[in-house]
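The file protein_23.txt contains compact mmCIF, C-alpha atoms and all ligand atoms:
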```txt
# COMPACT_ATOMS: atom_id res chain seq x y z
CA MET Q 1 0.00 0.00 0.00
CA THR Q 2 1.96 2.94 -1.24
CA ASN Q 3 -0.68 5.65 -1.10
CA ARG Q 4 -1.07 5.71 2.68
CA VAL Q 5 -0.49 9.09 4.31
CA TYR Q 6 1.25 9.76 7.59
CA ASN Q 7 -1.73 10.58 9.77
CA PHE Q 8 -0.87 12.75 12.77
CA SER Q 9 -4.48 12.88 14.00
CA ALA Q 10 -5.09 12.89 17.75
CA GLY Q 11 -7.76 10.24 17.28
CA PRO Q 12 -8.99 8.18 15.64
CA SER Q 13 -5.43 7.67 14.58
CA MET Q 14 -3.04 5.34 12.80
CA LEU Q 15 -3.15 1.61 13.49
CA PRO Q 16 -0.28 -0.75 12.69
CA LEU Q 17 -0.42 -1.48 8.93
CA GLU Q 18 0.25 -5.20 9.53
CA VAL Q 19 -2.84 -5.38 11.75
CA ILE Q 20 -5.03 -3.66 9.15
CA GLU Q 21 -3.73 -5.82 6.31
CA ASP Q 22 -4.16 -9.01 8.31
CA ALA Q 23 -7.69 -7.97 9.28
CA ALA Q 24 -8.39 -7.27 5.59
CA LYS Q 25 -7.25 -10.78 4.64
CA ASN Q 26 -9.57 -12.21 7.29
CA LEU Q 27 -12.41 -9.77 6.72
CA ALA Q 28 -14.88 -12.01 4.87
CA ASP Q 29 -13.68 -15.33 6.27
CA TYR Q 30 -12.09 -15.07 9.70
CA ASN Q 31 -9.60 -17.89 10.25
CA GLY Q 32 -11.49 -20.20 7.92
CA CYS Q 33 -14.72 -20.10 9.89
CA GLY Q 34 -16.71 -18.86 6.88
CA GLN Q 35 -17.82 -15.53 8.32
CA SER Q 36 -16.52 -12.15 9.33
CA VAL Q 37 -15.88 -11.12 12.96
CA MET Q 38 -18.44 -8.39 12.16
CA GLU Q 39 -21.08 -11.05 11.57
CA MET Q 40 -20.42 -13.71 14.16
CA SER Q 41 -22.33 -14.22 17.38
CA HIS Q 42 -20.60 -12.77 20.40
CA ARG Q 43 -21.53 -16.07 22.11
CA SER Q 44 -19.73 -18.17 19.46
CA LYS Q 45 -16.63 -20.09 20.44
CA GLU Q 46 -14.63 -18.12 17.86
CA PHE Q 47 -15.51 -14.81 19.44
CA GLU Q 48 -15.08 -16.16 22.94
CA LYS Q 49 -11.50 -16.99 22.01
CA ILE Q 50 -11.01 -13.52 20.53
CA ILE Q 51 -12.15 -11.70 23.68
CA ASN Q 52 -10.41 -14.11 26.08
CA ASP Q 53 -7.13 -13.85 24.18
CA ALA Q 54 -7.45 -10.06 24.03
CA GLU Q 55 -7.86 -9.89 27.79
CA ALA Q 56 -5.05 -12.38 28.45
CA ASN Q 57 -2.65 -10.51 26.18
CA LEU Q 58 -3.55 -7.12 27.69
CA ARG Q 59 -3.01 -8.57 31.17
CA ASP Q 60 0.32 -9.91 30.02
CA ILE Q 61 1.70 -6.76 28.36
CA MET Q 62 0.43 -4.42 31.10
CA ASN Q 63 1.30 -6.85 33.89
CA ILE Q 64 -2.20 -6.44 35.38
CA PRO Q 65 -2.45 -8.02 38.86
CA ASP Q 66 -5.03 -10.78 39.44
CA ASN Q 67 -7.13 -8.63 41.77
CA TYR Q 68 -8.05 -6.31 38.87
CA LYS Q 69 -10.85 -6.86 36.37
CA VAL Q 70 -10.44 -5.93 32.71
CA LEU Q 71 -13.62 -4.70 31.05
CA PHE Q 72 -14.34 -3.94 27.39
CA LEU Q 73 -17.15 -1.37 27.39
CA GLN Q 74 -18.76 1.17 25.06
CA GLY Q 75 -19.47 4.89 25.34
CA GLY Q 76 -15.88 6.08 24.92
CA GLY Q 77 -13.78 7.89 27.46
CA THR Q 78 -16.69 10.29 27.85
CA LEU Q 79 -19.08 7.78 29.41
CA GLN Q 80 -16.38 7.01 32.00
CA PHE Q 81 -16.64 10.64 33.16
CA ALA Q 82 -20.06 9.58 34.56
CA MET Q 83 -19.41 5.91 35.34
CA VAL Q 84 -16.45 6.70 37.60
CA PRO Q 85 -18.42 8.91 40.02
CA LEU Q 86 -21.58 6.76 39.75
CA ASN Q 87 -19.59 3.73 40.87
CA LEU Q 88 -16.90 5.15 43.12
CA MET Q 89 -18.14 8.47 44.58
CA THR Q 90 -20.47 6.57 46.88
CA GLY Q 91 -18.67 6.51 50.23
CA SER Q 92 -18.22 10.07 51.51
CA GLY Q 93 -19.64 11.32 48.21
CA LYS Q 94 -16.49 13.40 47.69
CA ALA Q 95 -13.89 13.14 44.95
CA ASP Q 96 -10.82 15.26 44.20
CA TYR Q 97 -9.93 16.21 40.62
CA ILE Q 98 -6.63 17.45 39.21
CA VAL Q 99 -7.59 19.44 36.14
CA THR Q 100 -4.84 19.46 33.52
CA GLY Q 101 -6.87 19.93 30.35
CA THR Q 102 -10.21 19.89 28.61
CA TRP Q 103 -10.90 16.19 29.26
CA ALA Q 104 -10.18 16.44 32.98
CA LYS Q 105 -12.31 19.57 33.17
CA LYS Q 106 -15.20 17.75 31.51
CA ALA Q 107 -14.76 14.80 33.85
CA ALA Q 108 -14.87 17.08 36.92
CA ALA Q 109 -17.97 18.87 35.62
CA GLU Q 110 -19.72 15.55 35.04
CA ALA Q 111 -18.83 14.30 38.52
CA LYS Q 112 -20.28 17.49 40.04
CA LYS Q 113 -23.69 16.30 38.83
CA PHE Q 114 -23.45 13.38 41.21
CA GLY Q 115 -21.71 14.68 44.31
CA ASP Q 116 -19.02 16.82 45.87
CA ALA Q 117 -16.38 16.81 43.16
CA LYS Q 118 -13.65 19.30 44.00
CA VAL Q 119 -10.94 20.65 41.73
CA ILE Q 120 -7.89 20.50 44.03
CA ALA Q 121 -5.39 21.70 41.42
CA SER Q 122 -5.60 23.15 37.93
CA SER Q 123 -3.28 24.62 35.33
CA GLU Q 124 -6.10 26.32 33.44
CA GLU Q 125 -4.74 29.80 34.29
CA SER Q 126 -1.79 29.11 31.97
CA THR Q 127 -3.82 27.36 29.23
CA PHE Q 128 -2.91 23.97 30.73
CA SER Q 129 0.75 24.30 29.76
CA TYR Q 130 2.08 22.35 32.76
CA ILE Q 131 1.16 19.62 35.25
CA PRO Q 132 0.50 21.02 38.75
CA ARG Q 133 2.32 19.20 41.57
CA VAL Q 134 -0.10 18.06 44.26
CA ASN Q 135 0.87 17.34 47.86
CA ARG Q 136 -0.75 14.87 50.19
CA GLY Q 137 -2.17 17.81 52.17
CA ASP Q 138 -4.08 19.05 49.10
CA ILE Q 139 -6.15 15.85 49.02
CA ARG Q 140 -9.22 15.58 51.25
CA PRO Q 141 -8.58 12.65 53.60
CA ASP Q 142 -12.11 11.31 53.11
CA ALA Q 143 -12.19 11.62 49.30
CA ASP Q 144 -13.54 8.49 47.62
CA TYR Q 145 -10.91 8.85 44.89
CA VAL Q 146 -8.46 11.23 43.26
CA TYR Q 147 -8.82 11.71 39.51
CA ILE Q 148 -6.15 12.51 36.92
CA THR Q 149 -5.81 12.56 33.13
CA THR Q 150 -2.39 11.00 32.57
CA ASN Q 151 -1.83 12.43 29.09
CA ASN Q 152 -3.50 15.64 27.97
CA THR Q 153 -4.17 15.04 24.31
CA ILE Q 154 -5.05 18.65 23.43
CA TYR Q 155 -2.31 20.49 25.33
CA GLY Q 156 0.53 17.98 24.92
CA THR Q 157 1.29 17.45 28.60
CA HIS Q 158 1.73 14.26 30.60
CA PHE Q 159 2.13 13.24 34.24
CA CYS Q 160 5.70 12.04 34.70
CA THR Q 161 6.22 9.60 37.58
CA ARG Q 162 7.37 12.40 39.87
CA ALA Q 163 4.18 14.39 39.26
CA LEU Q 164 1.82 11.51 40.09
CA PRO Q 165 -0.01 12.40 43.32
CA ASP Q 166 0.68 10.28 46.40
CA THR Q 167 -2.87 9.41 47.41
CA GLY Q 168 -2.03 6.85 50.10
CA ASP Q 169 -5.02 4.53 50.53
CA ILE Q 170 -7.33 6.72 48.45
CA PRO Q 171 -7.87 5.11 45.02
CA LEU Q 172 -6.22 6.95 42.15
CA VAL Q 173 -8.34 7.00 38.98
CA ALA Q 174 -6.62 7.72 35.67
CA ASP Q 175 -7.91 8.53 32.20
CA MET Q 176 -5.18 7.01 30.00
CA SER Q 177 -7.11 7.36 26.72
CA SER Q 178 -4.20 8.90 24.84
CA CYS Q 179 -1.20 7.15 26.40
CA ILE Q 180 -2.19 3.60 27.34
CA LEU Q 181 0.36 1.07 26.03
CA SER Q 182 2.97 3.79 25.44
CA GLU Q 183 4.79 3.44 28.76
CA PRO Q 184 5.07 0.89 31.55
CA VAL Q 185 2.44 1.52 34.24
CA ASP Q 186 2.40 0.04 37.74
CA VAL Q 187 -1.29 -0.89 37.70
CA SER Q 188 -1.24 -1.67 41.44
CA LYS Q 189 -0.83 2.07 42.12
CA TYR Q 190 -4.31 2.74 40.64
CA GLY Q 191 -7.84 1.98 41.72
CA LEU Q 192 -9.13 2.33 38.17
CA ILE Q 193 -7.65 3.04 34.75
CA PHE Q 194 -9.72 3.68 31.64
CA ALA Q 195 -8.97 4.39 28.01
CA GLY Q 196 -11.05 4.89 24.89
CA ALA Q 197 -9.42 2.75 22.22
CA GLN Q 198 -9.24 5.07 19.25
CA LYS Q 199 -6.02 6.88 20.18
CA ASN Q 200 -3.51 4.10 20.74
CA VAL Q 201 -5.30 0.76 20.56
CA ALA Q 202 -8.08 0.09 18.06
CA PRO Q 203 -10.92 1.67 16.10
CA ALA Q 204 -13.43 3.73 18.10
CA GLY Q 205 -16.12 1.73 19.84
CA VAL Q 206 -14.41 -0.05 22.71
CA THR Q 207 -13.28 1.45 26.00
CA ILE Q 208 -10.89 -0.45 28.23
CA VAL Q 209 -11.51 -0.29 31.99
CA ILE Q 210 -9.07 -1.85 34.46
CA VAL Q 211 -10.56 -1.78 37.95
CA ARG Q 212 -9.50 -3.15 41.34
CA GLU Q 213 -11.99 -5.77 42.49
CA ASP Q 214 -12.71 -4.23 45.87
CA LEU Q 215 -14.05 -1.11 44.11
CA LEU Q 216 -16.82 -3.09 42.40
CA GLY Q 217 -20.35 -3.28 43.74
CA LYS Q 218 -20.42 0.21 45.24
CA ALA Q 219 -22.83 1.81 42.75
CA ALA Q 220 -26.13 3.11 44.10
CA ALA Q 221 -29.19 0.90 43.54
CA ASN Q 222 -30.74 3.35 41.06
CA VAL Q 223 -27.70 3.46 38.76
CA PRO Q 224 -28.63 2.18 35.29
CA THR Q 225 -27.62 -1.45 34.92
CA TYR Q 226 -25.31 -0.78 31.99
CA LEU Q 227 -23.40 1.83 34.05
CA ASP Q 228 -22.56 -0.52 36.93
CA TYR Q 229 -19.01 -1.91 36.55
CA LYS Q 230 -19.94 -4.97 38.61
CA ILE Q 231 -22.53 -6.06 36.03
CA HIS Q 232 -19.87 -6.04 33.31
CA ALA Q 233 -17.27 -7.69 35.55
CA ASP Q 234 -19.68 -10.49 36.54
CA ASN Q 235 -20.56 -11.08 32.88
CA GLY Q 236 -17.06 -11.04 31.36
CA SER Q 237 -17.90 -7.86 29.37
CA MET Q 238 -20.76 -9.80 27.75
CA TYR Q 239 -23.74 -8.49 29.71
CA ASN Q 240 -24.94 -7.29 26.33
CA THR Q 241 -23.43 -7.40 22.84
CA PRO Q 242 -19.92 -6.01 23.09
CA PRO Q 243 -18.23 -4.05 20.25
CA CYS Q 244 -16.91 -7.26 18.73
CA PHE Q 245 -14.90 -5.92 15.81
CA ALA Q 246 -13.13 -3.23 17.85
CA ILE Q 247 -12.26 -5.82 20.51
CA TYR Q 248 -10.86 -8.09 17.80
CA ILE Q 249 -8.58 -5.34 16.45
CA ALA Q 250 -7.53 -4.36 19.99
CA GLY Q 251 -6.57 -7.99 20.56
CA GLU Q 252 -4.48 -8.00 17.37
CA VAL Q 253 -2.70 -4.83 18.52
CA PHE Q 254 -1.96 -6.40 21.93
CA LYS Q 255 -0.52 -9.48 20.18
CA LYS Q 256 1.66 -7.30 18.00
CA ILE Q 257 2.98 -5.29 20.96
CA LYS Q 258 3.83 -8.54 22.72
CA ALA Q 259 5.66 -9.84 19.65
CA ASP Q 260 7.50 -6.54 19.21
CA GLY Q 261 9.05 -6.61 22.69
CA GLY Q 262 6.22 -5.39 24.90
CA ILE Q 263 5.44 -1.96 26.28
CA ALA Q 264 9.07 -1.26 27.25
CA ALA Q 265 10.02 -1.54 23.58
CA MET Q 266 7.09 0.71 22.56
CA ASN Q 267 8.17 3.26 25.14
CA LYS Q 268 11.78 3.28 23.93
CA LYS Q 269 10.65 3.99 20.37
CA ASP Q 270 8.06 6.55 21.52
CA ILE Q 271 10.73 8.44 23.49
CA GLU Q 272 13.03 8.42 20.49
CA LYS Q 273 10.31 9.78 18.20
CA ALA Q 274 9.22 12.52 20.62
CA GLU Q 275 12.78 13.58 21.44
CA LYS Q 276 13.62 14.04 17.78
CA LEU Q 277 10.73 16.49 17.45
CA TYR Q 278 11.21 18.35 20.75
CA ASN Q 279 14.97 18.68 20.25
CA TYR Q 280 14.46 20.18 16.82
CA ILE Q 281 11.63 22.49 17.97
CA ASP Q 282 13.73 23.80 20.90
CA SER Q 283 16.79 24.44 18.72
CA SER Q 284 14.96 25.72 15.62
CA GLY Q 285 14.58 29.37 16.59
CA PHE Q 286 11.36 29.21 14.52
CA TYR Q 287 8.98 26.83 16.30
CA LYS Q 288 8.10 26.86 19.97
CA CYS Q 289 6.58 24.25 22.25
CA PRO Q 290 4.24 25.93 24.77
CA VAL Q 291 5.04 23.23 27.35
CA GLU Q 292 8.20 24.70 28.84
CA ASN Q 293 8.78 22.16 31.61
CA LYS Q 294 10.37 19.32 29.64
CA GLU Q 295 9.35 16.77 32.27
CA ASP Q 296 5.69 17.56 31.57
CA ARG Q 297 5.86 17.06 27.80
CA SER Q 298 3.75 14.37 26.17
CA LEU Q 299 5.37 11.53 24.22
CA MET Q 300 2.16 11.11 22.23
CA ASN Q 301 0.98 14.62 21.30
CA VAL Q 302 3.70 17.10 20.37
CA VAL Q 303 2.22 20.59 20.38
CA PHE Q 304 4.06 23.50 18.74
CA VAL Q 305 3.47 26.94 17.21
CA THR Q 306 5.31 29.44 15.05
CA GLY Q 307 3.85 32.38 16.95
CA ASN Q 308 1.90 33.51 13.88
CA ALA Q 309 -1.57 31.99 13.44
CA ASP Q 310 -1.59 32.54 9.64
CA LEU Q 311 1.77 30.84 9.29
CA ASP Q 312 0.50 27.94 11.41
CA LYS Q 313 -2.42 27.50 8.99
CA LYS Q 314 -0.04 27.60 6.04
CA PHE Q 315 2.11 24.95 7.73
CA VAL Q 316 -0.85 22.61 8.18
CA ALA Q 317 -2.03 23.08 4.58
CA GLU Q 318 1.41 22.60 2.99
CA ALA Q 319 2.16 19.57 5.15
CA LYS Q 320 -1.11 18.01 4.03
CA ALA Q 321 -0.13 18.45 0.40
CA GLU Q 322 2.96 16.34 1.18
CA GLY Q 323 1.01 13.48 2.73
CA LEU Q 324 1.53 14.62 6.34
CA VAL Q 325 -2.08 15.02 7.43
CA ASN Q 326 -4.04 16.23 10.46
CA LEU Q 327 -1.27 18.40 11.91
CA GLY Q 328 -3.60 21.19 13.03
CA GLY Q 329 -3.89 21.78 16.75
CA HIS Q 330 -7.21 21.17 18.50
CA ARG Q 331 -9.89 23.60 17.35
CA SER Q 332 -9.85 25.21 20.82
CA ILE Q 333 -6.16 26.27 20.73
CA GLY Q 334 -4.96 26.22 17.11
CA GLY Q 335 -1.26 25.93 16.27
CA MET Q 336 0.11 22.51 15.41
CA ARG Q 337 -0.08 19.11 17.05
CA ALA Q 338 1.74 16.03 15.85
CA SER Q 339 0.16 12.99 17.45
CA ILE Q 340 2.73 10.24 17.26
CA TYR Q 341 1.09 7.23 18.87
CA ASN Q 342 2.68 3.76 18.88
CA ALA Q 343 1.61 3.05 15.30
CA MET Q 344 3.32 6.15 13.83
CA PRO Q 345 6.49 4.78 12.26
CA MET Q 346 9.86 6.50 12.71
CA GLU Q 347 9.81 7.33 8.97
CA GLY Q 348 6.68 9.43 9.56
CA VAL Q 349 8.49 11.48 12.20
CA ASP Q 350 11.55 11.82 9.96
CA ARG Q 351 9.39 13.01 7.06
CA LEU Q 352 7.71 15.55 9.36
CA LEU Q 353 11.09 16.80 10.59
CA GLU Q 354 12.30 17.25 7.03
CA PHE Q 355 9.14 19.20 6.20
CA MET Q 356 9.47 21.36 9.35
CA LYS Q 357 13.03 22.29 8.41
CA LYS Q 358 12.08 23.16 4.85
CA PHE Q 359 9.08 25.21 5.99
CA ALA Q 360 11.22 27.10 8.53
CA ALA Q 361 13.85 27.92 5.90
CA GLU Q 362 11.20 29.19 3.48
CA ASN Q 363 9.29 31.27 6.00
CA LYS Q 364 11.91 32.69 8.37
C1 LIG Q 401 -10.19 11.59 23.30
C2 LIG Q 401 -10.17 11.63 24.79
C3 LIG Q 401 -11.33 11.47 25.55
C4 LIG Q 401 -12.70 11.34 24.94
O1 LIG Q 401 -12.83 10.11 24.36
P1 LIG Q 401 -14.17 9.64 23.60
O2 LIG Q 401 -13.84 8.19 23.40
O3 LIG Q 401 -14.30 10.43 22.36
O4 LIG Q 401 -15.29 9.83 24.54
C5 LIG Q 401 -11.21 11.45 26.91
N1 LIG Q 401 -10.02 11.60 27.51
C6 LIG Q 401 -8.89 11.78 26.81
C7 LIG Q 401 -7.59 11.95 27.53
C8 LIG Q 401 -8.92 11.80 25.44
O5 LIG Q 401 -7.80 11.98 24.73
```

Starting from the file, lay out its structure as structure tokens.
Amino acid sequence: MTNRVYNFSAGPSMLPLEVIEDAAKNLADYNGCGQSVMEMSHRSKEFEKIINDAEANLRDIMNIPDNYKVLFLQGGGTLQFAMVPLNLMTGSGKADYIVTGTWAKKAAAEAKKFGDAKVIASSEESTFSYIPRVNRGDIRPDADYVYITTNNTIYGTHFCTRALPDTGDIPLVADMSSCILSEPVDVSKYGLIFAGAQKNVAPAGVTIVIVREDLLGKAAANVPTYLDYKIHADNGSMYNTPPCFAIYIAGEVFKKIKADGGIAAMNKKDIEKAEKLYNYIDSSGFYKCPVENKEDRSLMNVVFVTGNADLDKKFVAEAKAEGLVNLGGHRSIGGMRASIYNAMPMEGVDRLLEFMKKFAAENK
């Protein structure tokens, strides 16, 4: 396939070409069973193997402890903004939010519908250009959980290990929609992790939830059945029809990561790709990354500007003409954003760098 572009979209985004081509080969007749994964019963033994293998491989690559459930749900990251408080904000009815971007802000606003959700730290005053450091004393001792967004897709920031809040016994909940599988994560440090698939895992339609077992069964009696994690956990993500095709592709991506050396190998390549871009941006004298604290920079979403909005638009248009697509920043902030998830090959980053250098020389 020679006419594929390098797609720098924040999501849905690139998937590994091998996975797409293999899925294409198996599209009409999956593994010789005479039907497509899109057509088969979710109760068939073929699909049971697909979902069981997907879970086993995710557990393996993320090293998920046995006392955590893995759920494959629908509704995207957005539905988790409600499911998290509906299931977990049920003790004291309080939850503490660290607001580092648009998604975290939306999550906090949603939680406020259901209880005492408090924003204990925010970087909104500086357009979310850094990750605030939170101390133990900033967290309410009776909070039911503390909530973070690990990677801020729109602003290009990310919680480094040092910035992760020490919550003690209070469960830490993390939205990892745009960084899951890009770095090793100690799952045991979290009460719940969730991620919509369409950034780094699979097509849109499936949302991964990894939840500690003791946090299940705490939803109020009037919570809709579909929104109770325990229902999904007790039914192996098959309470109702799951998003079968998206789960199948997610499983293929997990297999590929495993074969390619696991998450550590992904992380090494992701660091290399991001560093190439940040090093050039910092030394270019033409582009600027608004995230000044290097520790807080995202490996997945590299945000940069020229300082001139018209020039930024020209950059995005000219890049597109060269097969480097979707480089515009989020509609709320403009500028440029190169999303370089696991499936973006090094050649894509090298091509972008070449283009950035040419554009800088022509427009200085
Ligand atoms: C994209 C994104 C979301 C929203 O995901 P949907 O699946 O579209 O609901 C939530 N959180 C983060 C960090 C995201 O990047």

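Coordinates place CA of Val253 in chain Q at a distance of 26.2 Å from CA of Tyr155 in chain Q.
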
Ref. answer, residues at most 9 Å from (-3.3, 28.2, 11.9) with only C-alpha atoms, as a PyMOL selection string: chain Q and resi 305+308-316+328-329+334-336

Create the file for the chosen residues now, containing C-alpha atoms and written as a PDB file, in the frame of the given file.
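Writing the result to out-v2.pdb gives the following:
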```pdb
ATOM      1  CA  VAL Q 305       3.470  26.940  17.210  1.00  0.00           C
ATOM      2  CA  ASN Q 308       1.900  33.510  13.880  1.00  0.00           C
ATOM      3  CA  ALA Q 309      -1.570  31.990  13.440  1.00  0.00           C
ATOM      4  CA  ASP Q 310      -1.590  32.540   9.640  1.00  0.00           C
ATOM      5  CA  LEU Q 311       1.770  30.840   9.290  1.00  0.00           C
ATOM      6  CA  ASP Q 312       0.500  27.940  11.410  1.00  0.00           C
ATOM      7  CA  LYS Q 313      -2.420  27.500   8.990  1.00  0.00           C
ATOM      8  CA  LYS Q 314      -0.040  27.600   6.040  1.00  0.00           C
ATOM      9  CA  PHE Q 315       2.110  24.950   7.730  1.00  0.00           C
ATOM     10  CA  VAL Q 316      -0.850  22.610   8.180  1.00  0.00           C
ATOM     11  CA  GLY Q 328      -3.600  21.190  13.030  1.00  0.00           C
ATOM     12  CA  GLY Q 329      -3.890  21.780  16.750  1.00  0.00           C
ATOM     13  CA  GLY Q 334      -4.960  26.220  17.110  1.00  0.00           C
ATOM     14  CA  GLY Q 335      -1.260  25.930  16.270  1.00  0.00           C
ATOM     15  CA  MET Q 336       0.110  22.510  15.410  1.00  0.00           C
TER      16      MET Q 336
END
```

Proximity to Leu215 in chain Q - best of Q:Gly91, Q:Gly32, Q:Gly191, Q:Gly262, only C-alpha atoms: Q:Gly191

One-decimal distance in Å that lies between CA of Ala111 in chain Q and CA of Thr225 in chain Q: 18.4 Å

Atomic distance CA of Ser178 in chain Q - CA of Ser237 in chain Q, expressed in Å with one decimal: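 About the pair CA of Ser178 in chain Q and CA of Ser237 in chain Q: they are 22.1 Å apart.
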
Protein and nucleic residues near ligand LIG 401 (chain Q), 8 Å, only C-alpha atoms and all ligand atoms, as a list in words: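 Every residue with an atom at most 8 Å from ligand LIG 401 (chain Q) is listed here: Ala10, Gly11, Gly75, Gly76, Gly77, Thr78, Leu79, Trp103, Ala104, Thr149, Thr150, Asn151, Asn152, Thr153, Ile154, Asp175, Met176, Ser177, Ser178, Ala195, Gly196, Ala197, Gln198, Lys199, Ala204, Gly205 and Thr207 of chain Q.
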
For Tyr147 in chain Q, the nearest of the candidates Q:Asp166, Q:Asp270, Q:Asp96, Q:Glu125, counting all atoms listed in the file: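 Selected residue with least distance to Tyr147 in chain Q: Q:Asp96.
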
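For the choices Q:Lys49, Q:Arg212, Q:Lys218, Q:Lys294, the atom-to-atom distance to Phe159 in chain Q is smallest for Q:Lys294 when using all atoms listed in the file.
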
Residue with smallest distance to Phe72 in chain Q - pool Q:Ser188, Q:Ser41, Q:Ser332, Q:Asn240, counting all atoms listed in the file: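 Looking at the shortest contact to Phe72 in chain Q, the residue is Q:Asn240.
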
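The shortest atom-to-atom distance to Lys255 in chain Q, with only C-alpha atoms taken into account, belongs to Q:Arg59 out of Q:Lys358, Q:Arg59, Q:Lys273, Q:Arg133.
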
Asp260 in chain Q environment, 12 Å, all atoms listed in the file, sequence neighbours closer than 6 positions dropped, as a list in words: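 Listing them by chain and then by number gives Pro16, Ile61, Val253, Phe254, Met266, Asn267, Lys268, Lys269, Asn342 and Ala343 of chain Q.
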
Non-local contacts of Ala95 in chain Q (12 Å; only C-alpha atoms; under 3 positions in same chain excluded) as a PyMOL selection string: chain Q and resi 84-92+98+107-120+139-148+167+170-173

Atoms to include: C-alpha atoms. Write the selected residues as a compact mmCIF listing (two decimals), in the frame of the given file.
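Output (selection.txt):
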```
# COMPACT_ATOMS: atom_id res chain seq x y z
CA VAL Q 84 -16.45 6.70 37.60
CA PRO Q 85 -18.42 8.91 40.02
CA LEU Q 86 -21.58 6.76 39.75
CA ASN Q 87 -19.59 3.73 40.87
CA LEU Q 88 -16.90 5.15 43.12
CA MET Q 89 -18.14 8.47 44.58
CA THR Q 90 -20.47 6.57 46.88
CA GLY Q 91 -18.67 6.51 50.23
CA SER Q 92 -18.22 10.07 51.51
CA ILE Q 98 -6.63 17.45 39.21
CA ALA Q 107 -14.76 14.80 33.85
CA ALA Q 108 -14.87 17.08 36.92
CA ALA Q 109 -17.97 18.87 35.62
CA GLU Q 110 -19.72 15.55 35.04
CA ALA Q 111 -18.83 14.30 38.52
CA LYS Q 112 -20.28 17.49 40.04
CA LYS Q 113 -23.69 16.30 38.83
CA PHE Q 114 -23.45 13.38 41.21
CA GLY Q 115 -21.71 14.68 44.31
CA ASP Q 116 -19.02 16.82 45.87
CA ALA Q 117 -16.38 16.81 43.16
CA LYS Q 118 -13.65 19.30 44.00
CA VAL Q 119 -10.94 20.65 41.73
CA ILE Q 120 -7.89 20.50 44.03
CA ILE Q 139 -6.15 15.85 49.02
CA ARG Q 140 -9.22 15.58 51.25
CA PRO Q 141 -8.58 12.65 53.60
CA ASP Q 142 -12.11 11.31 53.11
CA ALA Q 143 -12.19 11.62 49.30
CA ASP Q 144 -13.54 8.49 47.62
CA TYR Q 145 -10.91 8.85 44.89
CA VAL Q 146 -8.46 11.23 43.26
CA TYR Q 147 -8.82 11.71 39.51
CA ILE Q 148 -6.15 12.51 36.92
CA THR Q 167 -2.87 9.41 47.41
CA ILE Q 170 -7.33 6.72 48.45
CA PRO Q 171 -7.87 5.11 45.02
CA LEU Q 172 -6.22 6.95 42.15
CA VAL Q 173 -8.34 7.00 38.98
```
